[in-house]
file run-v4.pdb (PDB, C-alpha atoms and all ligand atoms)
MODEL        1
ATOM      1  CA  MET A   1       0.000   0.000   0.000
ATOM      2  CA  PRO A   2       1.349   3.440  -0.832
ATOM      3  CA  ARG A   3       1.834   6.187   1.705
ATOM      4  CA  TYR A   4       1.094   9.830   1.050
ATOM      5  CA  ALA A   5       3.045  12.998   1.655
ATOM      6  CA  GLN A   6       2.710  16.713   1.152
ATOM      7  CA  LEU A   7       5.923  18.706   0.992
ATOM      8  CA  VAL A   8       4.791  22.098   2.281
ATOM      9  CA  MET A   9       7.092  24.715   0.772
ATOM     10  CA  GLY A  10       7.126  28.445   0.163
ATOM     11  CA  PRO A  11       8.973  31.631   1.061
ATOM     12  CA  ALA A  12       9.613  32.601   4.681
ATOM     13  CA  GLY A  13       6.455  33.617   6.488
ATOM     14  CA  SER A  14       4.136  32.486   3.697
ATOM     15  CA  GLY A  15       2.081  30.465   6.197
ATOM     16  CA  LYS A  16       3.506  26.927   5.921
ATOM     17  CA  SER A  17       3.302  26.031   9.605
ATOM     18  CA  THR A  18      -0.146  27.604   9.919
ATOM     19  CA  TYR A  19      -1.275  25.620   6.870
ATOM     20  CA  CYS A  20      -0.055  22.375   8.474
ATOM     21  CA  ALA A  21      -1.791  23.164  11.774
ATOM     22  CA  THR A  22      -5.016  24.093   9.950
ATOM     23  CA  LEU A  23      -4.951  20.902   7.913
ATOM     24  CA  VAL A  24      -4.412  18.730  10.987
ATOM     25  CA  GLN A  25      -7.470  20.326  12.627
ATOM     26  CA  HIS A  26      -9.507  19.971   9.471
ATOM     27  CA  ALA A  27      -8.505  16.318   9.119
ATOM     28  CA  GLU A  28      -9.582  15.655  12.698
ATOM     29  CA  ALA A  29     -12.945  17.248  11.973
ATOM     30  CA  ILE A  30     -13.525  14.996   8.981
ATOM     31  CA  ASN A  31     -12.200  11.927  10.742
ATOM     32  CA  ARG A  32      -8.985  11.518   8.814
ATOM     33  CA  SER A  33      -5.548  10.976  10.172
ATOM     34  CA  VAL A  34      -2.907  13.477   9.069
ATOM     35  CA  GLN A  35       0.463  13.780  10.794
ATOM     36  CA  VAL A  36       3.144  16.449  10.583
ATOM     37  CA  VAL A  37       6.927  16.261  10.465
ATOM     38  CA  ASN A  38       8.780  19.475  11.219
ATOM     39  CA  LEU A  39      11.697  19.826   8.828
ATOM     40  CA  ASP A  40      12.537  23.414   9.783
ATOM     41  CA  PRO A  41      15.626  23.300  12.008
ATOM     42  CA  ALA A  42      15.109  26.970  12.898
ATOM     43  CA  ALA A  43      11.454  26.627  13.949
ATOM     44  CA  GLU A  44      10.746  28.032  17.374
ATOM     45  CA  HIS A  45       7.167  27.071  17.897
ATOM     46  CA  PHE A  46       4.371  25.479  15.986
ATOM     47  CA  SER A  47       0.853  24.665  17.008
ATOM     48  CA  TYR A  48       0.552  21.074  15.843
ATOM     49  CA  PRO A  49       1.644  17.794  17.355
ATOM     50  CA  VAL A  50       4.739  16.442  15.560
ATOM     51  CA  MET A  51       5.506  12.850  14.682
ATOM     52  CA  ALA A  52       9.138  13.852  14.076
ATOM     53  CA  ASP A  53      11.123  17.055  14.554
ATOM     54  CA  ILE A  54      14.404  17.727  12.745
ATOM     55  CA  ARG A  55      15.561  19.742  15.761
ATOM     56  CA  GLU A  56      16.031  16.469  17.572
ATOM     57  CA  LEU A  57      18.608  15.599  14.918
ATOM     58  CA  ILE A  58      20.260  18.998  14.486
ATOM     59  CA  GLN A  59      19.644  22.616  15.473
ATOM     60  CA  VAL A  60      20.629  25.760  13.597
ATOM     61  CA  ASP A  61      21.873  27.446  16.790
ATOM     62  CA  ASP A  62      24.334  24.631  17.436
ATOM     63  CA  VAL A  63      25.644  24.876  13.873
ATOM     64  CA  MET A  64      26.042  28.659  14.135
ATOM     65  CA  GLU A  65      27.809  28.415  17.476
ATOM     66  CA  ASP A  66      30.214  25.738  16.260
ATOM     67  CA  PRO A  67      33.606  27.503  16.007
ATOM     68  CA  SER A  68      34.785  25.231  13.202
ATOM     69  CA  LEU A  69      31.742  26.015  11.007
ATOM     70  CA  ARG A  70      30.970  29.679  11.720
ATOM     71  CA  PHE A  71      27.797  29.772   9.655
ATOM     72  CA  GLY A  72      25.222  32.562   9.690
ATOM     73  CA  PRO A  73      21.499  31.719   9.892
ATOM     74  CA  ASN A  74      21.035  30.898   6.191
ATOM     75  CA  GLY A  75      24.262  28.931   5.714
ATOM     76  CA  GLY A  76      23.483  27.178   8.998
ATOM     77  CA  LEU A  77      20.086  26.137   7.732
ATOM     78  CA  VAL A  78      21.503  24.786   4.480
ATOM     79  CA  PHE A  79      24.079  22.851   6.518
ATOM     80  CA  CYS A  80      21.290  21.367   8.659
ATOM     81  CA  MET A  81      19.317  20.284   5.603
ATOM     82  CA  GLU A  82      22.381  18.685   4.055
ATOM     83  CA  TYR A  83      23.003  16.927   7.352
ATOM     84  CA  LEU A  84      19.449  15.592   7.182
ATOM     85  CA  ALA A  85      20.012  14.383   3.610
ATOM     86  CA  ASN A  86      23.063  12.477   4.845
ATOM     87  CA  ASN A  87      21.184  10.995   7.800
ATOM     88  CA  LEU A  88      17.908   9.934   6.278
ATOM     89  CA  ASP A  89      17.865   6.779   8.377
ATOM     90  CA  TRP A  90      16.920   9.087  11.287
ATOM     91  CA  LEU A  91      13.828  10.115   9.323
ATOM     92  CA  GLU A  92      13.031   6.525   8.368
ATOM     93  CA  GLU A  93      13.154   5.489  12.010
ATOM     94  CA  ASN A  94      10.858   8.316  13.060
ATOM     95  CA  LEU A  95       8.371   7.805  10.270
ATOM     96  CA  GLY A  96       7.877   4.139  11.117
ATOM     97  CA  HIS A  97       5.665   2.322   8.705
ATOM     98  CA  VAL A  98       1.936   2.570   8.911
ATOM     99  CA  GLU A  99      -0.021   1.739   5.785
ATOM    100  CA  ASP A 100      -2.044   4.591   4.370
ATOM    101  CA  ASP A 101       0.035   7.148   6.277
ATOM    102  CA  TYR A 102      -0.633  10.741   5.300
ATOM    103  CA  ILE A 103       2.173  13.030   6.339
ATOM    104  CA  LEU A 104       2.758  16.768   5.938
ATOM    105  CA  PHE A 105       6.387  17.902   5.867
ATOM    106  CA  ASP A 106       6.663  21.471   7.146
ATOM    107  CA  CYS A 107       9.747  22.727   5.308
ATOM    108  CA  PRO A 108      11.968  25.756   5.897
ATOM    109  CA  GLY A 109      11.351  28.980   3.972
ATOM    110  CA  GLN A 110      14.760  29.463   2.315
ATOM    111  CA  ILE A 111      13.962  29.614  -1.353
ATOM    112  CA  GLU A 112      17.334  28.278  -2.490
ATOM    113  CA  LEU A 113      16.340  24.879  -1.100
ATOM    114  CA  TYR A 114      13.767  24.584  -3.861
ATOM    115  CA  THR A 115      15.571  26.264  -6.701
ATOM    116  CA  HIS A 116      19.090  24.931  -7.058
ATOM    117  CA  LEU A 117      20.219  22.959  -3.997
ATOM    118  CA  PRO A 118      19.854  19.171  -4.344
ATOM    119  CA  VAL A 119      18.680  18.535  -0.771
ATOM    120  CA  MET A 120      14.919  18.597  -1.291
ATOM    121  CA  LYS A 121      15.197  16.518  -4.426
ATOM    122  CA  GLN A 122      17.176  13.905  -2.471
ATOM    123  CA  LEU A 123      14.486  13.906   0.200
ATOM    124  CA  VAL A 124      11.744  13.453  -2.396
ATOM    125  CA  GLU A 125      13.571  10.555  -4.042
ATOM    126  CA  GLN A 126      14.071   8.861  -0.695
ATOM    127  CA  LEU A 127      10.406   9.303   0.231
ATOM    128  CA  GLN A 128       9.440   7.779  -3.098
ATOM    129  CA  GLN A 129      11.663   4.799  -2.363
ATOM    130  CA  TRP A 130       9.802   4.401   0.903
ATOM    131  CA  GLU A 131       6.627   4.141  -1.196
ATOM    132  CA  PHE A 132       5.389   7.657  -0.554
ATOM    133  CA  ARG A 133       3.420   9.450  -3.226
ATOM    134  CA  VAL A 134       4.610  13.000  -2.791
ATOM    135  CA  CYS A 135       2.813  16.207  -3.731
ATOM    136  CA  GLY A 136       4.585  19.567  -3.584
ATOM    137  CA  VAL A 137       2.431  22.245  -1.992
ATOM    138  CA  PHE A 138       3.829  25.680  -2.730
ATOM    139  CA  LEU A 139       2.476  28.536  -0.640
ATOM    140  CA  VAL A 140       2.646  32.212  -1.488
ATOM    141  CA  ASP A 141       1.294  35.057   0.604
ATOM    142  CA  SER A 142      -1.705  36.724  -1.063
ATOM    143  CA  GLN A 143      -0.661  40.042   0.516
ATOM    144  CA  PHE A 144       2.245  40.211  -1.904
ATOM    145  CA  MET A 145       0.430  38.999  -4.972
ATOM    146  CA  VAL A 146      -1.884  41.854  -5.770
ATOM    147  CA  GLU A 147       0.509  43.518  -8.189
ATOM    148  CA  THR A 148       1.479  41.980 -11.482
ATOM    149  CA  PHE A 149       5.262  42.121 -11.163
ATOM    150  CA  LYS A 150       5.159  40.666  -7.643
ATOM    151  CA  PHE A 151       2.819  38.009  -8.917
ATOM    152  CA  ILE A 152       5.250  37.064 -11.681
ATOM    153  CA  SER A 153       8.101  36.651  -9.219
ATOM    154  CA  GLY A 154       5.887  34.489  -6.964
ATOM    155  CA  VAL A 155       4.983  32.329  -9.928
ATOM    156  CA  MET A 156       8.625  31.979 -10.931
ATOM    157  CA  ALA A 157       9.503  30.734  -7.447
ATOM    158  CA  ALA A 158       6.688  28.175  -7.594
ATOM    159  CA  LEU A 159       7.713  27.166 -11.102
ATOM    160  CA  SER A 160      11.351  26.607 -10.208
ATOM    161  CA  ALA A 161      10.322  24.357  -7.303
ATOM    162  CA  MET A 162       8.118  22.392  -9.664
ATOM    163  CA  VAL A 163      10.818  22.028 -12.289
ATOM    164  CA  SER A 164      13.532  21.043  -9.831
ATOM    165  CA  LEU A 165      11.501  18.528  -7.793
ATOM    166  CA  GLU A 166       9.592  16.853 -10.646
ATOM    167  CA  ILE A 167       6.562  15.919  -8.564
ATOM    168  CA  PRO A 168       2.920  17.011  -8.860
ATOM    169  CA  GLN A 169       2.542  20.454  -7.353
ATOM    170  CA  VAL A 170      -0.408  22.435  -6.065
ATOM    171  CA  ASN A 171       0.077  26.177  -5.599
ATOM    172  CA  ILE A 172      -1.779  27.972  -2.868
ATOM    173  CA  MET A 173      -2.411  31.610  -2.073
ATOM    174  CA  THR A 174      -2.516  31.965   1.691
ATOM    175  CA  LYS A 175      -3.910  34.505   4.138
ATOM    176  CA  MET A 176      -6.957  35.235   1.998
ATOM    177  CA  ASP A 177      -8.834  36.218   5.157
ATOM    178  CA  LEU A 178      -6.609  39.298   5.487
ATOM    179  CA  LEU A 179      -7.661  40.767   2.137
ATOM    180  CA  SER A 180     -10.246  43.511   1.954
ATOM    181  CA  PRO A 181     -13.334  42.688  -0.152
ATOM    182  CA  LYS A 182     -11.912  44.939  -2.889
ATOM    183  CA  ALA A 183      -8.523  43.207  -2.858
ATOM    184  CA  LYS A 184     -10.285  39.829  -2.848
ATOM    185  CA  LYS A 185     -12.085  40.784  -6.036
ATOM    186  CA  GLU A 186      -8.836  42.085  -7.502
ATOM    187  CA  ILE A 187      -6.943  38.883  -6.681
ATOM    188  CA  GLU A 188      -9.411  36.623  -8.447
ATOM    189  CA  LYS A 189      -7.764  37.342 -11.761
ATOM    190  CA  TYR A 190      -4.464  36.116 -10.346
ATOM    191  CA  LEU A 191      -5.808  32.740  -9.291
ATOM    192  CA  ASP A 192      -6.216  31.446 -12.814
ATOM    193  CA  PRO A 193      -4.652  34.166 -14.867
ATOM    194  CA  ASP A 194      -4.176  34.809 -18.528
ATOM    195  CA  MET A 195      -0.599  36.061 -18.530
ATOM    196  CA  PHE A 196      -0.819  37.925 -21.810
ATOM    197  CA  SER A 197      -3.886  39.995 -21.116
ATOM    198  CA  MET A 198      -2.568  40.631 -17.628
ATOM    199  CA  MET A 199       0.660  41.889 -19.074
ATOM    200  CA  GLU A 200      -1.113  44.163 -21.514
ATOM    201  CA  ASP A 201      -3.415  45.590 -18.835
ATOM    202  CA  ASN A 202      -0.463  46.323 -16.625
ATOM    203  CA  SER A 203       2.251  47.282 -19.059
ATOM    204  CA  ALA A 204       2.288  50.810 -17.602
ATOM    205  CA  SER A 205       3.035  49.481 -14.130
ATOM    206  CA  PHE A 206       6.110  47.492 -15.188
ATOM    207  CA  ARG A 207       9.114  49.351 -14.037
ATOM    208  CA  SER A 208      11.109  49.619 -17.199
ATOM    209  CA  LYS A 209      10.300  49.615 -20.894
ATOM    210  CA  LYS A 210      13.797  48.309 -21.456
ATOM    211  CA  PHE A 211      12.794  44.922 -20.081
ATOM    212  CA  ASP A 212       9.573  44.669 -22.039
ATOM    213  CA  LYS A 213      10.848  41.784 -24.166
ATOM    214  CA  LEU A 214      12.199  39.923 -21.166
ATOM    215  CA  THR A 215       8.899  40.292 -19.320
ATOM    216  CA  LYS A 216       7.094  38.973 -22.387
ATOM    217  CA  ALA A 217       9.445  35.996 -22.617
ATOM    218  CA  ILE A 218       8.917  35.200 -18.925
ATOM    219  CA  CYS A 219       5.129  35.415 -19.329
ATOM    220  CA  GLU A 220       5.354  33.093 -22.329
ATOM    221  CA  LEU A 221       7.402  30.618 -20.318
ATOM    222  CA  ILE A 222       4.866  30.660 -17.506
ATOM    223  CA  ASP A 223       2.055  30.164 -19.995
ATOM    224  CA  ASP A 224       3.901  27.259 -21.638
ATOM    225  CA  TYR A 225       4.046  25.380 -18.372
ATOM    226  CA  SER A 226       0.351  26.150 -17.874
ATOM    227  CA  MET A 227       0.725  25.783 -14.136
ATOM    228  CA  VAL A 228      -0.123  29.309 -13.127
ATOM    229  CA  ARG A 229      -3.049  28.248 -11.058
ATOM    230  CA  PHE A 230      -3.434  29.094  -7.424
ATOM    231  CA  LEU A 231      -6.001  27.837  -4.988
ATOM    232  CA  PRO A 232      -7.121  30.352  -2.390
ATOM    233  CA  PHE A 233      -6.560  29.359   1.231
ATOM    234  CA  ASP A 234      -8.509  30.974   4.025
ATOM    235  CA  ARG A 235      -7.897  29.150   7.281
ATOM    236  CA  SER A 236     -11.384  30.034   8.524
ATOM    237  CA  ASP A 237     -13.201  28.608   5.506
ATOM    238  CA  GLU A 238     -13.748  24.857   5.918
ATOM    239  CA  GLU A 239     -15.212  24.468   2.448
ATOM    240  CA  GLY A 240     -12.169  26.155   0.868
ATOM    241  CA  ILE A 241      -9.791  23.984   2.909
ATOM    242  CA  ASN A 242     -11.657  20.937   1.690
ATOM    243  CA  ILE A 243     -11.249  21.989  -1.942
ATOM    244  CA  VAL A 244      -7.498  22.436  -1.434
ATOM    245  CA  LEU A 245      -7.222  19.006   0.188
ATOM    246  CA  GLN A 246      -9.256  17.359  -2.556
ATOM    247  CA  ASN A 247      -6.993  18.838  -5.226
ATOM    248  CA  ILE A 248      -3.892  17.541  -3.471
ATOM    249  CA  ASP A 249      -5.460  14.133  -2.793
ATOM    250  CA  PHE A 250      -6.358  13.892  -6.455
ATOM    251  CA  SER A 251      -2.787  14.619  -7.552
ATOM    252  CA  ILE A 252      -1.445  11.731  -5.436
ATOM    253  CA  GLN A 253      -4.448   9.487  -5.997
ATOM    254  CA  TYR A 254      -5.258   9.327  -2.314
ATOM    255  CA  GLY A 255      -8.198   7.027  -1.664
ATOM    256  CA  GLU A 256      -8.405   5.898  -5.248
ATOM    257  CA  ASP A 257      -6.715   2.551  -4.778
ATOM    258  CA  LEU A 258      -9.885   0.691  -4.201
ATOM    259  CA  GLU A 259     -11.548   1.934  -7.325
ATOM    260  CA  PHE A 260      -8.817   2.605  -9.797
ATOM    261  CA  LYS A 261     -10.226   4.364 -12.814
ATOM    262  CA  GLU A 262      -8.708   3.738 -16.196
ATOM    263  CA  PRO A 263      -8.909   6.308 -18.959
ATOM    264  CA  LYS A 264     -12.128   5.958 -20.942
ATOM    265  CA  GLU A 265     -10.708   4.301 -24.061
ATOM    266  CA  LEU A 266      -8.731   1.767 -22.069
ATOM    267  CA  GLU A 267     -11.738   1.097 -19.892
ATOM    268  CA  GLU A 268     -13.773   0.144 -22.948
ATOM    269  CA  ASP A 269     -10.979  -2.009 -24.358
ATOM    270  CA  SER A 270     -10.331  -3.836 -21.108
ATOM    271  CA  GLY A 271     -14.086  -4.200 -20.614
ATOM    272  CA  ASN A 272     -14.296  -5.942 -23.959
ATOM    273  CA  GLN A 273     -11.282  -8.032 -23.125
ATOM    274  CA  GLN A 274     -12.835  -9.109 -19.832
ATOM    275  CA  GLN A 275     -16.039 -10.006 -21.616
ATOM    276  CA  ASP A 276     -14.055 -12.012 -24.178
ATOM    277  CA  GLU A 277     -12.249 -13.885 -21.389
ATOM    278  CA  LEU A 278     -15.511 -14.589 -19.637
ATOM    279  CA  PHE A 279     -17.009 -15.787 -22.874
ATOM    280  CA  GLN A 280     -14.051 -18.083 -23.530
ATOM    281  CA  ASP A 281     -14.229 -19.403 -19.953
ATOM    282  CA  SER A 282     -17.887 -20.257 -20.306
ATOM    283  CA  VAL A 283     -17.311 -21.795 -23.729
ATOM    284  CA  GLY A 284     -14.301 -23.770 -22.410
ATOM    285  CA  SER A 285     -16.190 -25.111 -19.364
TER     286      SER A 285
HETATM  287  N1  LIG B   1      -4.611  35.983   9.169
HETATM  288  C1  LIG B   1      -3.845  34.964   8.782
HETATM  289  N2  LIG B   1      -2.594  34.908   9.232
HETATM  290  C2  LIG B   1      -1.824  33.882   8.839
HETATM  291  C3  LIG B   1      -2.300  32.877   7.958
HETATM  292  N3  LIG B   1      -1.296  32.002   7.729
HETATM  293  C4  LIG B   1      -0.262  32.448   8.441
HETATM  294  N4  LIG B   1      -0.552  33.577   9.120
HETATM  295  C5  LIG B   1       0.348  34.348   9.985
HETATM  296  O1  LIG B   1       1.537  34.615   9.267
HETATM  297  C6  LIG B   1       2.681  34.486  10.108
HETATM  298  C7  LIG B   1       3.651  33.475   9.522
HETATM  299  O2  LIG B   1       2.991  32.216   9.489
HETATM  300  P1  LIG B   1       3.780  30.836   9.583
HETATM  301  O3  LIG B   1       2.740  29.779   9.482
HETATM  302  O4  LIG B   1       4.671  30.817  10.759
HETATM  303  O5  LIG B   1       4.641  30.924   8.266
HETATM  304  P2  LIG B   1       5.823  29.966   7.792
HETATM  305  O6  LIG B   1       5.759  29.928   6.308
HETATM  306  O7  LIG B   1       5.752  28.677   8.525
HETATM  307  O8  LIG B   1       7.092  30.796   8.253
HETATM  308  P3  LIG B   1       8.613  30.284   8.331
HETATM  309  O9  LIG B   1       8.570  28.886   8.889
HETATM  310  O10 LIG B   1       9.256  31.273   9.247
HETATM  311  O11 LIG B   1       9.152  30.351   6.947
HETATM  312  C8  LIG B   1       2.140  34.088  11.484
HETATM  313  O12 LIG B   1       2.038  35.254  12.254
HETATM  314  C9  LIG B   1       0.769  33.516  11.170
HETATM  315  O13 LIG B   1      -0.116  33.714  12.258
HETATM  316  C10 LIG B   1      -3.650  32.970   7.480
HETATM  317  O14 LIG B   1      -4.156  32.153   6.685
HETATM  318  N5  LIG B   1      -4.357  34.046   7.921
HETATM  319 MG    MG B   2       7.190  27.597   9.680
ENDMDL
END

call {"tool": "encode", "arguments": {"input": "run-v4.pdb", "output": "structure tokens"}}
result
Amino acid sequence: MPRYAQLVMGPAGSGKSTYCATLVQHAEAINRSVQVVNLDPAAEHFSYPVMADIRELIQVDDVMEDPSLRFGPNGGLVFCMEYLANNLDWLEENLGHVEDDYILFDCPGQIELYTHLPVMKQLVEQLQQWEFRVCGVFLVDSQFMVETFKFISGVMAALSAMVSLEIPQVNIMTKMDLLSPKAKKEIEKYLDPDMFSMMEDNSASFRSKKFDKLTKAICELIDDYSMVRFLPFDRSDEEGINIVLQNIDFSIQYGEDLEFKEPKELEEDSGNQQQDELFQDSVGS
């Protein structure tokens, strides 16, 4: 039986830990079991029970205080994550093995972990070897997404995580409850946007004409990947939380094992084949 995992990523302060805590509560309410692993070695507090905590393996403060390493907070964090990648048996021990496990991994906010460092990719590959189906969940703060150029940079961050990790990814816009009704209306166009019309509407707000071509090329790239979709996340809206969870479950086929659905054409073919076999059996007997 497969196990299921969400890798909860996103820039610092985008709401990753709050998302995990909200999802645990929601899961309890709908009678599902969801557990959380804290993978942020710099985390100070979180409001969910943890099944494993990287700080038991290594802490950023210890790395920074080590006279032979002399790292600052960001270098220290990267060191901790690399240490984790080299000690994955610690994680294996803490995860145990329960069939149908559903685990959220609350990751650190340093964006370089998802863009060019190999650590997260190594973690994903290891989880897959342990039979996890992993979905990337990339969070961005809706407060920063109401202007086109900020939106583009948020999308690029999400896109680079998707490209480097090569797993299904669901993008989420957090803190929707903080938006004014006007901003909420405004942000709707960013949830499932048409990059070209957005660019044309906003061409005056781009900072420099000089980079017009570059902006166009970036918008084209985003459009080509056709992944510029964000789901809104308001921690007080149970229905919205459910929609987010359903989308993620769908991407990792959670709960579909019992009734695996084949694509339509195949279904018809295999249906015919089954009928043929049955027919032959009854003729043969
Ligand atoms: N109103 C509101 N506040 C939120 C929401 N999500 C997060 N916050 C607040 O935003 C701040 C940062 O949230 P965290 O969940 O700690 O963010 P994080 O991504 O885990 O942060 P780092 O681990 O430091 O990268 C906290 O003060 C949260 O209370 C939300 O949906 N609504
Ligand atoms: Mg956090």

call {"tool": "resolve_selection", "arguments": {"input": "run-v4.pdb", "expression": "the PyMOL selection byres (((chain A and resi 78) around 10) and not hetatm)", "output": "ChimeraX atom specification"}}
result
/A:41,60,71,73-77,79-84,108,110,112-113,117,119

call {"tool": "atom_distance", "arguments": {"input": "run-v4.pdb", "atom1": "CA of Asp223 in chain A", "atom2": "CA of Ala5 in chain A"}}
result
27.6 Å

call {"tool": "closest_residue", "arguments": {"input": "run-v4.pdb", "among": "A:Ile248, A:Ile111, A:Cys20, A:Ala158", "to": "ligand MG 2 (chain B)", "atoms": "all atoms listed in the file"}}
result
A:Cys20

call {"tool": "residues_around", "arguments": {"input": "run-v4.pdb", "residues": "Leu245 in chain A", "least_positions_apart": "4", "cutoff": "10 Å", "atoms": "only C-alpha atoms", "output": "number ranges by chain"}}
result
A: 23, 26-27, 170, 239-241, 249-251

call {"tool": "atom_distance", "arguments": {"input": "run-v4.pdb", "atom1": "CA of Ser47 in chain A", "atom2": "CA of Ser17 in chain A"}}
result
7.9 Å

call {"tool": "residues_near_ligand", "arguments": {"input": "run-v4.pdb", "ligand": "ligand MG 2 (chain B)", "cutoff": "8 Å", "atoms": "only C-alpha atoms and all ligand atoms", "output": "NGL selection string"}}
result
:A and (12-13 or 15-18 or 40 or 43 or 46 or 106-109)

call {"tool": "residues_around", "arguments": {"input": "run-v4.pdb", "residues": "Arg229 in chain A", "least_positions_apart": "4", "cutoff": "8 Å", "atoms": "all atoms listed in the file", "output": "list in words"}}
result
Asn171, Leu191, Asp192 and Pro193 of chain A

call {"tool": "closest_residue", "arguments": {"input": "run-v4.pdb", "among": "A:Lys150, A:His45, A:Lys185, A:Lys210", "to": "ligand LIG 1 (chain B)", "atoms": "all atoms listed in the file"}}
result
A:His45

call {"tool": "residues_near_point", "arguments": {"input": "run-v4.pdb", "point": "(2.1, 16.1, 16.5)", "cutoff": "7 Å", "atoms": "all atoms listed in the file", "output": "list in words"}}
result
Gln35, Val36, Tyr48, Pro49, Val50 and Met51 of chain A

call {"tool": "atom_distance", "arguments": {"input": "run-v4.pdb", "atom1": "CA of Thr148 in chain A", "atom2": "CA of Lys189 in chain A"}}
result
10.3 Å
